[in-house]
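**Student:** What follows is protein.cif, made up of mmCIF, C-alpha atoms (C1' of nucleotides):
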data_work
loop_
_atom_site.label_atom_id
_atom_site.label_comp_id
_atom_site.auth_asym_id
_atom_site.auth_seq_id
_atom_site.Cartn_x
_atom_site.Cartn_y
_atom_site.Cartn_z
CA MET A 1 -98.90 47.93 -34.39
CA SER A 2 -95.72 49.26 -32.89
CA ARG A 3 -94.84 46.74 -30.22
CA THR A 4 -97.55 44.40 -29.11
CA ALA A 5 -97.22 40.69 -28.47
CA MET A 6 -93.46 40.30 -28.31
CA SER A 7 -93.11 36.59 -29.01
CA ALA A 8 -91.31 34.89 -26.15
CA PRO A 9 -88.49 32.42 -26.78
CA THR A 10 -89.58 28.80 -26.80
CA PRO A 11 -92.40 28.28 -24.58
CA GLY A 12 -91.69 30.67 -21.71
CA TRP A 13 -89.10 32.89 -20.13
CA THR A 14 -86.15 31.67 -18.09
CA ASP A 15 -87.21 33.92 -15.21
CA PRO A 16 -90.44 35.63 -16.21
CA GLU A 17 -90.47 38.46 -13.74
CA CYS A 18 -86.84 39.52 -14.03
CA PRO A 19 -86.19 42.10 -16.76
CA VAL A 20 -82.51 41.16 -16.85
CA ALA A 21 -83.38 37.54 -17.57
CA ARG A 22 -85.93 38.47 -20.20
CA THR A 23 -83.43 40.63 -22.03
CA LEU A 24 -80.90 37.82 -21.92
CA ASP A 25 -83.53 35.44 -23.27
CA LEU A 26 -83.72 37.70 -26.31
CA VAL A 27 -80.11 38.73 -26.92
CA GLY A 28 -78.06 36.83 -24.34
CA ASP A 29 -76.27 34.42 -26.62
CA ARG A 30 -72.86 34.31 -28.12
CA TRP A 31 -73.70 36.33 -31.25
CA SER A 32 -76.87 38.43 -31.11
CA LEU A 33 -75.26 41.41 -29.43
CA LEU A 34 -72.38 41.38 -31.88
CA VAL A 35 -74.90 41.49 -34.71
CA ILE A 36 -76.59 44.43 -32.98
CA ARG A 37 -73.22 46.10 -32.48
CA ASP A 38 -72.50 45.86 -36.19
CA ALA A 39 -76.00 47.00 -37.08
CA MET A 40 -75.34 50.08 -34.93
CA ASP A 41 -72.19 50.54 -36.92
CA GLY A 42 -74.25 50.71 -40.10
CA VAL A 43 -74.07 47.12 -41.33
CA ARG A 44 -77.21 46.04 -43.18
CA SER A 45 -76.39 43.07 -45.38
CA PHE A 46 -76.10 39.38 -44.60
CA THR A 47 -72.65 39.10 -46.11
CA GLU A 48 -71.29 42.10 -44.25
CA PHE A 49 -72.62 40.80 -40.92
CA GLN A 50 -70.99 37.50 -41.71
CA ARG A 51 -67.69 39.08 -42.66
CA ARG A 52 -67.48 41.29 -39.59
CA THR A 53 -68.57 38.83 -36.95
CA GLY A 54 -67.09 35.64 -38.42
CA ILE A 55 -70.26 33.80 -37.40
CA ALA A 56 -71.26 30.65 -39.32
CA ARG A 57 -73.74 31.45 -42.10
CA ASN A 58 -76.49 29.14 -40.86
CA ILE A 59 -76.27 30.54 -37.36
CA LEU A 60 -76.27 34.09 -38.69
CA ALA A 61 -79.41 33.33 -40.71
CA ASP A 62 -81.00 31.96 -37.55
CA ARG A 63 -80.03 34.96 -35.42
CA LEU A 64 -81.20 37.48 -38.00
CA ARG A 65 -84.50 35.59 -38.15
CA LYS A 66 -84.88 35.60 -34.37
CA LEU A 67 -83.87 39.22 -33.91
CA THR A 68 -86.33 40.14 -36.62
CA ALA A 69 -89.05 37.98 -35.06
CA HIS A 70 -88.46 39.67 -31.70
CA GLY A 71 -88.66 43.10 -33.26
CA LEU A 72 -85.07 44.25 -32.79
CA LEU A 73 -84.33 44.21 -36.49
CA ALA A 74 -86.61 44.74 -39.45
CA GLN A 75 -86.19 43.91 -43.09
CA CYS A 76 -86.86 46.68 -45.52
CA ALA A 77 -86.20 47.19 -49.20
CA ALA A 78 -82.79 48.63 -49.91
CA PRO A 79 -82.86 52.17 -51.34
CA SER A 80 -81.22 50.98 -54.56
CA GLY A 81 -82.06 47.61 -56.12
CA ARG A 82 -84.74 45.22 -54.95
CA ARG A 83 -82.55 43.37 -52.41
CA ARG A 84 -83.77 43.56 -48.83
CA GLU A 85 -81.66 44.71 -45.94
CA TYR A 86 -81.69 44.51 -42.15
CA VAL A 87 -82.16 47.68 -40.14
CA LEU A 88 -82.42 48.29 -36.41
CA THR A 89 -85.86 49.04 -35.06
CA ASP A 90 -86.38 51.50 -32.23
CA SER A 91 -86.06 48.79 -29.61
CA GLY A 92 -82.95 47.47 -31.32
CA ARG A 93 -81.43 50.94 -31.34
CA ASP A 94 -82.37 51.24 -27.69
CA LEU A 95 -79.78 48.57 -26.87
CA PHE A 96 -77.25 51.35 -27.36
CA ALA A 97 -76.75 51.77 -23.62
CA VAL A 98 -76.26 48.02 -23.19
CA ILE A 99 -73.61 47.84 -25.90
CA LEU A 100 -71.97 50.94 -24.49
CA THR A 101 -71.69 49.57 -20.95
CA LEU A 102 -70.34 46.28 -22.33
CA ARG A 103 -67.80 48.29 -24.28
CA GLN A 104 -66.77 50.36 -21.30
CA TRP A 105 -66.46 47.35 -19.02
CA GLY A 106 -64.31 45.65 -21.64
CA GLN A 107 -62.06 48.65 -21.89
CA ARG A 108 -61.57 48.72 -18.16
CA HIS A 109 -61.14 45.02 -17.51
CA ALA A 110 -60.45 42.99 -20.63
CA PHE A 111 -57.39 44.77 -21.98
CA ALA A 112 -53.87 44.86 -20.70
CA PRO A 113 -52.68 48.43 -20.04
CA GLY A 114 -51.66 50.01 -23.32
CA GLU A 115 -53.20 47.28 -25.46
CA ALA A 116 -54.91 48.70 -28.55
CA HIS A 117 -58.70 48.72 -28.86
CA SER A 118 -61.39 50.53 -30.81
CA VAL A 119 -63.02 53.57 -29.22
CA LEU A 120 -66.49 55.10 -29.38
CA LEU A 121 -66.48 58.77 -30.29
CA ASP A 122 -69.22 61.38 -30.39
CA GLU A 123 -69.84 63.59 -33.43
CA HIS A 124 -67.11 66.01 -32.39
CA GLY A 125 -64.62 63.18 -32.24
CA ALA A 126 -64.46 63.24 -28.46
CA PRO A 127 -64.46 59.92 -26.59
CA VAL A 128 -67.81 59.06 -25.03
CA PRO A 129 -67.62 59.51 -21.24
CA GLU A 130 -68.04 56.54 -18.95
CA ILE A 131 -71.52 55.80 -17.75
CA ALA A 132 -72.04 56.01 -14.00
CA PRO A 133 -75.38 54.88 -12.57
CA THR A 134 -76.71 57.43 -10.12
CA SER A 135 -79.86 57.82 -8.07
CA ALA A 136 -82.20 60.78 -8.44
CA ASP A 137 -80.12 62.80 -5.96
CA GLY A 138 -76.89 62.10 -7.81
CA THR A 139 -75.48 59.41 -5.53
CA LEU A 140 -73.31 56.87 -7.33
CA LEU A 141 -75.10 53.54 -7.39
CA GLY A 142 -73.61 50.06 -7.14
CA THR A 143 -74.28 46.69 -5.57
CA GLY A 144 -73.96 48.01 -2.01
CA ASN A 145 -76.37 50.79 -2.68
CA THR A 146 -79.29 49.10 -4.32
CA HIS A 147 -81.54 46.10 -4.04
CA VAL A 148 -84.10 44.34 -6.16
CA ARG A 149 -87.65 44.39 -4.98
CA LYS A 150 -89.26 41.17 -6.01
CA VAL A 151 -92.65 41.55 -7.45
CA ARG A 152 -95.35 40.24 -5.14
CA MET B 1 -51.57 40.81 -8.19
CA SER B 2 -54.81 42.65 -8.76
CA ARG B 3 -55.50 42.17 -12.43
CA THR B 4 -52.65 41.19 -14.67
CA ALA B 5 -52.74 38.51 -17.34
CA MET B 6 -56.47 38.04 -17.74
CA SER B 7 -56.61 34.59 -19.30
CA ALA B 8 -58.39 34.74 -22.65
CA PRO B 9 -61.05 32.23 -23.62
CA THR B 10 -59.84 29.34 -25.74
CA PRO B 11 -56.97 30.37 -27.74
CA GLY B 12 -57.90 33.92 -28.70
CA TRP B 13 -60.65 36.49 -28.73
CA THR B 14 -63.53 36.51 -31.15
CA ASP B 15 -62.65 40.07 -32.16
CA PRO B 16 -59.51 41.05 -30.30
CA GLU B 17 -59.65 44.79 -30.67
CA CYS B 18 -63.34 45.28 -29.89
CA PRO B 19 -64.09 45.77 -26.19
CA VAL B 20 -67.72 44.75 -26.72
CA ALA B 21 -66.64 41.44 -28.22
CA ARG B 22 -64.07 40.81 -25.49
CA THR B 23 -66.66 41.38 -22.80
CA LEU B 24 -69.04 39.02 -24.56
CA ASP B 25 -66.26 36.45 -24.79
CA LEU B 26 -66.13 36.53 -20.99
CA VAL B 27 -69.79 36.81 -19.98
CA GLY B 28 -71.77 36.62 -23.21
CA ASP B 29 -73.40 33.25 -22.78
CA ARG B 30 -76.79 32.12 -21.66
CA TRP B 31 -76.01 32.00 -17.93
CA SER B 32 -72.96 33.96 -16.78
CA LEU B 33 -74.74 37.28 -16.46
CA LEU B 34 -77.57 35.69 -14.50
CA VAL B 35 -75.01 34.27 -12.10
CA ILE B 36 -73.50 37.75 -11.79
CA ARG B 37 -76.97 39.21 -11.28
CA ASP B 38 -77.60 36.83 -8.40
CA ALA B 39 -74.16 37.42 -6.95
CA MET B 40 -75.00 41.15 -6.93
CA ASP B 41 -78.14 40.18 -5.09
CA GLY B 42 -76.03 38.58 -2.37
CA VAL B 43 -75.98 34.94 -3.45
CA ARG B 44 -72.75 33.16 -2.52
CA SER B 45 -73.33 29.42 -2.47
CA PHE B 46 -73.46 26.87 -5.27
CA THR B 47 -76.84 25.56 -4.24
CA GLU B 48 -78.41 28.98 -4.00
CA PHE B 49 -77.12 29.96 -7.46
CA GLN B 50 -78.55 26.73 -8.75
CA ARG B 51 -81.89 27.28 -7.09
CA ARG B 52 -82.29 30.86 -8.30
CA THR B 53 -81.14 30.46 -11.89
CA GLY B 54 -82.40 26.95 -12.53
CA ILE B 55 -79.19 26.22 -14.42
CA ALA B 56 -78.00 22.60 -14.69
CA ARG B 57 -75.50 21.75 -11.94
CA ASN B 58 -72.65 20.72 -14.23
CA ILE B 59 -73.04 23.89 -16.29
CA LEU B 60 -73.16 26.01 -13.15
CA ALA B 61 -69.96 24.38 -11.90
CA ASP B 62 -68.36 25.19 -15.25
CA ARG B 63 -69.53 28.82 -15.25
CA LEU B 64 -68.43 29.43 -11.68
CA ARG B 65 -65.03 27.98 -12.60
CA LYS B 66 -64.73 30.21 -15.66
CA LEU B 67 -65.95 33.36 -13.95
CA THR B 68 -63.47 32.67 -11.16
CA ALA B 69 -60.67 31.98 -13.66
CA HIS B 70 -61.42 35.27 -15.40
CA GLY B 71 -61.37 37.17 -12.14
CA LEU B 72 -65.03 38.16 -11.93
CA LEU B 73 -65.69 35.94 -8.94
CA ALA B 74 -63.38 34.79 -6.17
CA GLN B 75 -63.68 31.98 -3.69
CA CYS B 76 -63.11 32.87 -0.09
CA ALA B 77 -63.73 31.14 3.20
CA ALA B 78 -67.20 31.75 4.57
CA PRO B 79 -67.26 33.87 7.75
CA SER B 80 -68.82 31.03 9.74
CA GLY B 81 -67.88 27.41 9.11
CA ARG B 82 -65.09 26.22 6.85
CA ARG B 83 -67.18 26.06 3.67
CA ARG B 84 -65.98 28.26 0.80
CA GLU B 85 -68.19 30.77 -0.96
CA TYR B 86 -68.21 32.78 -4.16
CA VAL B 87 -67.96 36.55 -3.96
CA LEU B 88 -67.82 39.22 -6.64
CA THR B 89 -64.44 40.80 -7.28
CA ASP B 90 -64.11 44.48 -8.14
CA SER B 91 -64.35 43.77 -11.85
CA GLY B 92 -67.36 41.53 -11.27
CA ARG B 93 -69.06 44.24 -9.27
CA ASP B 94 -68.20 46.67 -12.05
CA LEU B 95 -70.66 44.83 -14.30
CA PHE B 96 -73.34 46.67 -12.34
CA ALA B 97 -73.92 49.15 -15.16
CA VAL B 98 -74.22 46.32 -17.68
CA ILE B 99 -76.80 44.46 -15.63
CA LEU B 100 -78.63 47.72 -15.00
CA THR B 101 -78.89 48.63 -18.69
CA LEU B 102 -80.03 45.08 -19.49
CA ARG B 103 -82.67 45.44 -16.78
CA GLN B 104 -83.85 48.81 -18.03
CA TRP B 105 -84.04 47.66 -21.64
CA GLY B 106 -86.03 44.63 -20.54
CA GLN B 107 -88.45 46.81 -18.62
CA ARG B 108 -89.00 49.02 -21.64
CA HIS B 109 -89.25 46.35 -24.32
CA ALA B 110 -89.78 42.84 -22.96
CA PHE B 111 -92.91 43.34 -20.87
CA ALA B 112 -96.44 43.98 -21.93
CA PRO B 113 -97.83 47.18 -20.45
CA GLY B 114 -98.88 46.50 -16.86
CA GLU B 115 -97.15 43.12 -16.66
CA ALA B 116 -95.46 42.59 -13.30
CA HIS B 117 -91.67 42.64 -12.97
CA SER B 118 -89.05 43.13 -10.27
CA VAL B 119 -87.62 46.61 -9.78
CA LEU B 120 -84.23 47.96 -8.70
CA LEU B 121 -84.43 50.41 -5.82
CA ASP B 122 -81.85 52.62 -4.18
CA GLU B 123 -81.29 52.70 -0.43
CA HIS B 124 -84.18 55.10 0.08
CA GLY B 125 -86.52 52.75 -1.72
CA ALA B 126 -86.75 54.98 -4.76
CA PRO B 127 -86.58 53.36 -8.21
CA VAL B 128 -83.22 53.76 -9.92
CA PRO B 129 -83.51 56.32 -12.76
CA GLU B 130 -82.98 55.25 -16.34
CA ILE B 131 -79.49 55.55 -17.70
CA ALA B 132 -79.04 57.91 -20.62
CA PRO B 133 -75.66 58.00 -22.37
CA THR B 134 -74.50 61.57 -22.88
CA SER B 135 -71.44 63.27 -24.26
CA ALA B 136 -69.25 65.58 -22.21
CA ASP B 137 -71.49 68.56 -23.10
CA GLY B 138 -74.65 66.73 -22.05
CA THR B 139 -75.94 65.78 -25.50
CA LEU B 140 -77.92 62.54 -25.55
CA LEU B 141 -75.95 59.89 -27.39
CA GLY B 142 -77.23 57.11 -29.62
CA THR B 143 -76.41 55.34 -32.83
CA GLY B 144 -76.86 58.45 -34.96
CA ASN B 145 -74.59 60.45 -32.77
CA THR B 146 -71.56 58.30 -32.37
CA HIS B 147 -69.16 56.14 -34.31
CA VAL B 148 -66.48 53.63 -33.54
CA ARG B 149 -62.96 54.56 -34.40
CA LYS B 150 -61.16 51.42 -35.40
CA VAL B 151 -57.76 51.09 -33.96
CA ARG B 152 -55.04 51.46 -36.55
"C1'" DC C 1 -74.37 34.66 -72.42
"C1'" DA C 2 -70.79 33.50 -68.98
"C1'" DC C 3 -69.52 34.61 -64.56
"C1'" DA C 4 -69.37 36.45 -60.15
"C1'" DA C 5 -71.75 38.13 -55.94
"C1'" DT C 6 -75.61 38.03 -52.61
"C1'" DG C 7 -78.47 35.62 -49.48
"C1'" DG C 8 -79.40 32.06 -47.97
"C1'" DT C 9 -80.29 26.35 -47.04
"C1'" DT C 10 -78.58 21.69 -46.38
"C1'" DT C 11 -75.62 18.26 -44.54
"C1'" DC C 12 -72.98 16.34 -41.18
"C1'" DA C 13 -69.58 16.12 -37.56
"C1'" DA C 14 -68.24 18.18 -33.22
"C1'" DT C 15 -69.65 20.77 -29.05
"C1'" DT C 16 -72.37 22.00 -25.55
"C1'" DC C 17 -76.47 21.45 -22.66
"C1'" DG C 18 -79.77 19.52 -19.49
"C1'" DC C 19 -81.09 15.89 -16.53
"C1'" DA C 20 -80.58 12.40 -13.33
"C1'" DA C 21 -77.75 9.63 -10.67
"C1'" DC C 22 -73.68 9.24 -8.06
"C1'" DT C 23 -69.66 10.58 -5.09
"C1'" DC C 24 -67.53 12.74 -1.24
"C1'" DA C 25 -66.88 15.53 2.54
"C1'" DA C 26 -68.80 17.83 6.58
"C1'" DT C 27 -72.31 18.38 10.00
"C1'" DG C 28 -76.08 16.99 13.07
"C1'" DG C 29 -78.74 14.41 15.82
"C1'" DG C 30 -80.05 10.43 18.76
"C1'" DC D 1 -70.67 6.09 17.57
"C1'" DC D 2 -73.97 5.51 13.71
"C1'" DC D 3 -77.02 7.14 10.49
"C1'" DA D 4 -79.38 10.76 7.96
"C1'" DT D 5 -78.77 15.18 5.73
"C1'" DT D 6 -76.93 18.88 3.29
"C1'" DG D 7 -73.60 21.23 0.34
"C1'" DA D 8 -70.76 20.93 -3.59
"C1'" DG D 9 -69.69 19.09 -7.08
"C1'" DT D 10 -68.69 15.01 -10.90
"C1'" DT D 11 -70.11 11.51 -14.23
"C1'" DG D 12 -72.77 9.46 -17.94
"C1'" DC D 13 -75.58 10.02 -21.61
"C1'" DG D 14 -79.20 11.46 -24.87
"C1'" DA D 15 -80.82 15.80 -26.97
"C1'" DA D 16 -80.09 20.28 -28.80
"C1'" DT D 17 -76.99 23.72 -30.70
"C1'" DT D 18 -72.87 24.98 -33.36
"C1'" DG D 19 -69.58 25.32 -36.96
"C1'" DA D 20 -67.58 24.31 -41.50
"C1'" DA D 21 -68.29 23.48 -45.97
"C1'" DA D 22 -70.87 22.52 -49.86
"C1'" DC D 23 -74.80 23.55 -52.45
"C1'" DC D 24 -78.51 26.41 -54.66
"C1'" DA D 25 -81.39 30.22 -56.46
"C1'" DT D 26 -81.45 35.15 -57.80
"C1'" DT D 27 -79.84 39.09 -59.40
"C1'" DG D 28 -75.99 41.94 -61.43
"C1'" DT D 29 -72.24 42.71 -64.85
"C1'" DG D 30 -68.82 42.57 -68.74
#
What's the structure tokens form of this structure?

**Tutor:**
Amino acid sequence: MSRTAMSAPTPGWTDPECPVARTLDLVGDRWSLLVIRDAMDGVRSFTEFQRRTGIARNILADRLRKLTAHGLLAQCAAPSGRRREYVLTDSGRDLFAVILTLRQWGQRHAFAPGEAHSVLLDEHGAPVPEIAPTSADGTLLGTGNTHVRKVR
Amino acid sequence: MSRTAMSAPTPGWTDPECPVARTLDLVGDRWSLLVIRDAMDGVRSFTEFQRRTGIARNILADRLRKLTAHGLLAQCAAPSGRRREYVLTDSGRDLFAVILTLRQWGQRHAFAPGEAHSVLLDEHGAPVPEIAPTSADGTLLGTGNTHVRKVR
DNA sequence: CACAATGGTTTCAATTCGCAACTCAATGGG
DNA sequence: CCCATTGAGTTGCGAATTGAAACCATTGTG
């Protein structure tokens, strides 16, 4: 079973028909996306997640449990030893674009000019270009350009 | 002054040199991004934010204050009447790509097949295409393809 | 075996949240 | 002018969530 019956957070969704709200119900807290960020960076162990994020250990345990329950992380046996480790699932890995846009917004708006920050590079060592939402015909999209159609 | 001296959340940043973490420090809570989502949808008044998100009034007041303090929203006089209203600033509007990637992830992973959800359309009524991060040469980027260079 | 590291759980105090009630303008009728 | 209404919050308070630190059970290692 690859992805059936995603268990919803306590009883229902904040706003059941809005995909933005559903995503935030799953990862929209203070820490989950930082855990995902570190997982994307190759972190797999409890202690390393704790060290890198600075999150309290009980909260980390809770978040790892929830992310696992929601299918964003999975626990598998470590290659060496019998200790288990956390790895991103396909849907967890698919948050790449979310993390990337958060990163790019932060670079543009949360740093003073010249202030040092980490950078995302591709395999050739070139900085990843900024994402620009466009329509099928290539038009740049933004708030003036688009609208949500509510489901009937 | 367009964007100098962005006031940081209580004393410092969670992870000062990571743009992802800084962005999450500003909007990474349960409600802020839903407020931004609704603002992008044209909502400008306290009551309407409250009605659409279902957030508690005191928390909404707090979030609007923080988002305003951080320069994502601004209060300006309403065109009619003397009542003030909340509008997105440039940096607030620039979260468009973040909201969009959250929406697209949600569509892919947080709905059962066939389950109804709202959709984002461009001005011609066509659905907005999915965002795919690529490098300068057009290669699809993901976790296997990229790495963070820590700032020295 | 003694000792440290990993991966948690427990405890408890401090925050934060959600809800309902209340205040305080500013309109809006009648 | 007087009263009802609406918008925009604030206040009080119990409930839920966090965070810090201590504790515990398994390995792993010299």

**Student:** Do you have the atom C1' of C:DA14-atom C1' of D:DA16 distance handy?

**Tutor:**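 Between atom C1' of C:DA14 and atom C1' of D:DA16 the gap works out to 12.8 Å.
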
**Student:** The PyMOL selection byres ((chain B) within 6 of (chain A)) on the file shown: which residues, as a count of residues only?

**Tutor:** 32

**Student:** When you count only C-alpha atoms (C1' of nucleotides), which of these residues is closest to chain B: C:DA4, C:DG30, C:DC17, C:DC22?

**Tutor:**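 Comparing C:DA4, C:DG30, C:DC17, C:DC22 against chain B, the winner is C:DC17.
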
**Student:** Name every residue that the PyMOL selection byres ((chain D) within 12 of (chain B)) selects in this structure, writing the answer as a VMD selection string with chains first and numbers rising.

**Tutor:** chain D and resid 6 to 12

**Student:** Take every atom of stretch 70-89 of chain A listed in the file, fit an axis-aligned box around them, add 8 Å per side, and give the centre and edge lengths in Å to one decimal as JSON.

**Tutor:**
{"center_x": -84.9, "center_y": 45.9, "center_z": -43.9, "size_x": 23.4, "size_y": 28.5, "size_z": 40.4}

**Student:** Could you write out chain A as a short mmCIF file (atom, residue, chain, number, x, y, z; two decimals) with C-alpha atoms, in the coordinates of the input once it has been least-squares superposed on chain B using every ordered C-alpha pair?

**Tutor:**
data_model
loop_
_atom_site.label_atom_id
_atom_site.label_comp_id
_atom_site.auth_asym_id
_atom_site.auth_seq_id
_atom_site.Cartn_x
_atom_site.Cartn_y
_atom_site.Cartn_z
CA MET A 1 -51.39 41.01 -8.23
CA SER A 2 -54.67 42.78 -8.74
CA ARG A 3 -55.46 42.23 -12.39
CA THR A 4 -52.65 41.12 -14.60
CA ALA A 5 -52.79 38.45 -17.28
CA MET A 6 -56.52 38.02 -17.70
CA SER A 7 -56.66 34.58 -19.28
CA ALA A 8 -58.41 34.75 -22.63
CA PRO A 9 -61.08 32.22 -23.59
CA THR A 10 -59.80 29.33 -25.65
CA PRO A 11 -56.99 30.35 -27.72
CA GLY A 12 -57.89 33.91 -28.68
CA TRP A 13 -60.62 36.49 -28.73
CA THR A 14 -63.54 36.52 -31.15
CA ASP A 15 -62.66 40.07 -32.17
CA PRO A 16 -59.51 41.06 -30.32
CA GLU A 17 -59.67 44.80 -30.69
CA CYS A 18 -63.35 45.29 -29.90
CA PRO A 19 -64.09 45.77 -26.19
CA VAL A 20 -67.71 44.75 -26.72
CA ALA A 21 -66.63 41.44 -28.22
CA ARG A 22 -64.09 40.81 -25.49
CA THR A 23 -66.67 41.37 -22.79
CA LEU A 24 -69.04 39.01 -24.55
CA ASP A 25 -66.26 36.44 -24.78
CA LEU A 26 -66.14 36.53 -21.00
CA VAL A 27 -69.79 36.82 -19.96
CA GLY A 28 -71.78 36.65 -23.20
CA ASP A 29 -73.39 33.27 -22.77
CA ARG A 30 -76.77 32.13 -21.66
CA TRP A 31 -75.98 32.00 -17.93
CA SER A 32 -72.93 33.97 -16.77
CA LEU A 33 -74.73 37.28 -16.44
CA LEU A 34 -77.56 35.67 -14.51
CA VAL A 35 -75.00 34.26 -12.10
CA ILE A 36 -73.50 37.75 -11.78
CA ARG A 37 -76.97 39.21 -11.28
CA ASP A 38 -77.61 36.83 -8.40
CA ALA A 39 -74.16 37.43 -6.96
CA MET A 40 -75.02 41.15 -6.94
CA ASP A 41 -78.16 40.20 -5.10
CA GLY A 42 -76.05 38.61 -2.38
CA VAL A 43 -76.01 34.97 -3.46
CA ARG A 44 -72.78 33.19 -2.52
CA SER A 45 -73.40 29.45 -2.46
CA PHE A 46 -73.50 26.89 -5.24
CA THR A 47 -76.91 25.60 -4.23
CA GLU A 48 -78.46 29.04 -4.03
CA PHE A 49 -77.12 29.98 -7.47
CA GLN A 50 -78.56 26.75 -8.77
CA ARG A 51 -81.92 27.30 -7.13
CA ARG A 52 -82.31 30.87 -8.36
CA THR A 53 -81.13 30.45 -11.92
CA GLY A 54 -82.41 26.93 -12.59
CA ILE A 55 -79.16 26.20 -14.44
CA ALA A 56 -77.96 22.58 -14.68
CA ARG A 57 -75.47 21.75 -11.91
CA ASN A 58 -72.63 20.74 -14.21
CA ILE A 59 -72.99 23.90 -16.26
CA LEU A 60 -73.16 26.01 -13.12
CA ALA A 61 -69.94 24.40 -11.86
CA ASP A 62 -68.34 25.20 -15.20
CA ARG A 63 -69.51 28.82 -15.22
CA LEU A 64 -68.43 29.44 -11.64
CA ARG A 65 -65.03 28.00 -12.55
CA LYS A 66 -64.72 30.22 -15.62
CA LEU A 67 -65.93 33.37 -13.92
CA THR A 68 -63.48 32.69 -11.14
CA ALA A 69 -60.67 31.98 -13.61
CA HIS A 70 -61.42 35.27 -15.38
CA GLY A 71 -61.38 37.17 -12.12
CA LEU A 72 -65.03 38.18 -11.90
CA LEU A 73 -65.70 35.96 -8.92
CA ALA A 74 -63.40 34.81 -6.16
CA GLN A 75 -63.71 32.00 -3.68
CA CYS A 76 -63.14 32.88 -0.08
CA ALA A 77 -63.76 31.13 3.20
CA ALA A 78 -67.23 31.71 4.56
CA PRO A 79 -67.33 33.76 7.77
CA SER A 80 -68.84 30.84 9.68
CA GLY A 81 -67.79 27.24 9.01
CA ARG A 82 -65.01 26.12 6.72
CA ARG A 83 -67.14 25.97 3.54
CA ARG A 84 -66.00 28.26 0.76
CA GLU A 85 -68.22 30.75 -0.97
CA TYR A 86 -68.25 32.79 -4.17
CA VAL A 87 -67.99 36.55 -3.97
CA LEU A 88 -67.83 39.22 -6.65
CA THR A 89 -64.46 40.81 -7.26
CA ASP A 90 -64.13 44.47 -8.13
CA SER A 91 -64.35 43.77 -11.85
CA GLY A 92 -67.35 41.53 -11.27
CA ARG A 93 -69.06 44.26 -9.27
CA ASP A 94 -68.20 46.67 -12.05
CA LEU A 95 -70.66 44.83 -14.31
CA PHE A 96 -73.32 46.67 -12.34
CA ALA A 97 -73.92 49.15 -15.16
CA VAL A 98 -74.21 46.32 -17.69
CA ILE A 99 -76.79 44.46 -15.63
CA LEU A 100 -78.63 47.71 -15.01
CA THR A 101 -78.90 48.63 -18.69
CA LEU A 102 -80.04 45.08 -19.49
CA ARG A 103 -82.65 45.44 -16.78
CA GLN A 104 -83.84 48.80 -18.03
CA TRP A 105 -84.03 47.65 -21.64
CA GLY A 106 -86.04 44.63 -20.52
CA GLN A 107 -88.44 46.80 -18.62
CA ARG A 108 -89.00 48.99 -21.62
CA HIS A 109 -89.24 46.34 -24.30
CA ALA A 110 -89.77 42.84 -22.95
CA PHE A 111 -92.89 43.34 -20.87
CA ALA A 112 -96.43 43.96 -21.92
CA PRO A 113 -97.83 47.18 -20.41
CA GLY A 114 -98.87 46.51 -16.84
CA GLU A 115 -97.15 43.14 -16.65
CA ALA A 116 -95.46 42.60 -13.28
CA HIS A 117 -91.67 42.64 -12.95
CA SER A 118 -89.05 43.13 -10.27
CA VAL A 119 -87.62 46.62 -9.78
CA LEU A 120 -84.23 47.96 -8.70
CA LEU A 121 -84.43 50.42 -5.84
CA ASP A 122 -81.83 52.63 -4.20
CA GLU A 123 -81.28 52.70 -0.43
CA HIS A 124 -84.15 55.12 0.08
CA GLY A 125 -86.49 52.77 -1.72
CA ALA A 126 -86.72 55.00 -4.77
CA PRO A 127 -86.57 53.38 -8.22
CA VAL A 128 -83.21 53.77 -9.93
CA PRO A 129 -83.50 56.32 -12.77
CA GLU A 130 -82.96 55.25 -16.35
CA ILE A 131 -79.46 55.54 -17.69
CA ALA A 132 -79.03 57.91 -20.62
CA PRO A 133 -75.66 58.00 -22.39
CA THR A 134 -74.51 61.57 -22.88
CA SER A 135 -71.43 63.24 -24.28
CA ALA A 136 -69.24 65.57 -22.22
CA ASP A 137 -71.48 68.53 -23.11
CA GLY A 138 -74.63 66.71 -22.06
CA THR A 139 -75.93 65.77 -25.50
CA LEU A 140 -77.93 62.54 -25.54
CA LEU A 141 -75.96 59.89 -27.39
CA GLY A 142 -77.26 57.13 -29.63
CA THR A 143 -76.44 55.33 -32.85
CA GLY A 144 -76.89 58.45 -35.00
CA ASN A 145 -74.63 60.45 -32.80
CA THR A 146 -71.59 58.29 -32.39
CA HIS A 147 -69.18 56.14 -34.32
CA VAL A 148 -66.49 53.62 -33.57
CA ARG A 149 -62.97 54.54 -34.44
CA LYS A 150 -61.17 51.41 -35.44
CA VAL A 151 -57.78 51.07 -33.99
CA ARG A 152 -55.06 51.49 -36.59
#

**Student:** Atom CA of A:Ala74 and atom CA of A:Thr89, how far apart in Å?

**Tutor:** 6.2 Å

**Student:** One decimal, in Å: what's the spacing between atom C1' of D:DA20 and atom C1' of C:DA13?

**Tutor:**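 That distance, rounded to one decimal, is 9.3 Å.
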
**Student:** Restricting the calculation to only C-alpha atoms (C1' of nucleotides), which member of A:Ile36, A:Val43, A:Cys76, A:Ala56 is positioned closest to D:DT18?

**Tutor:** A:Ala56

**Student:** Can you give me, as a ChimeraX atom specification, the residues this file yields under the PyMOL selection byres ((chain C) within 12 of (chain A))?

**Tutor:** /C:5-11
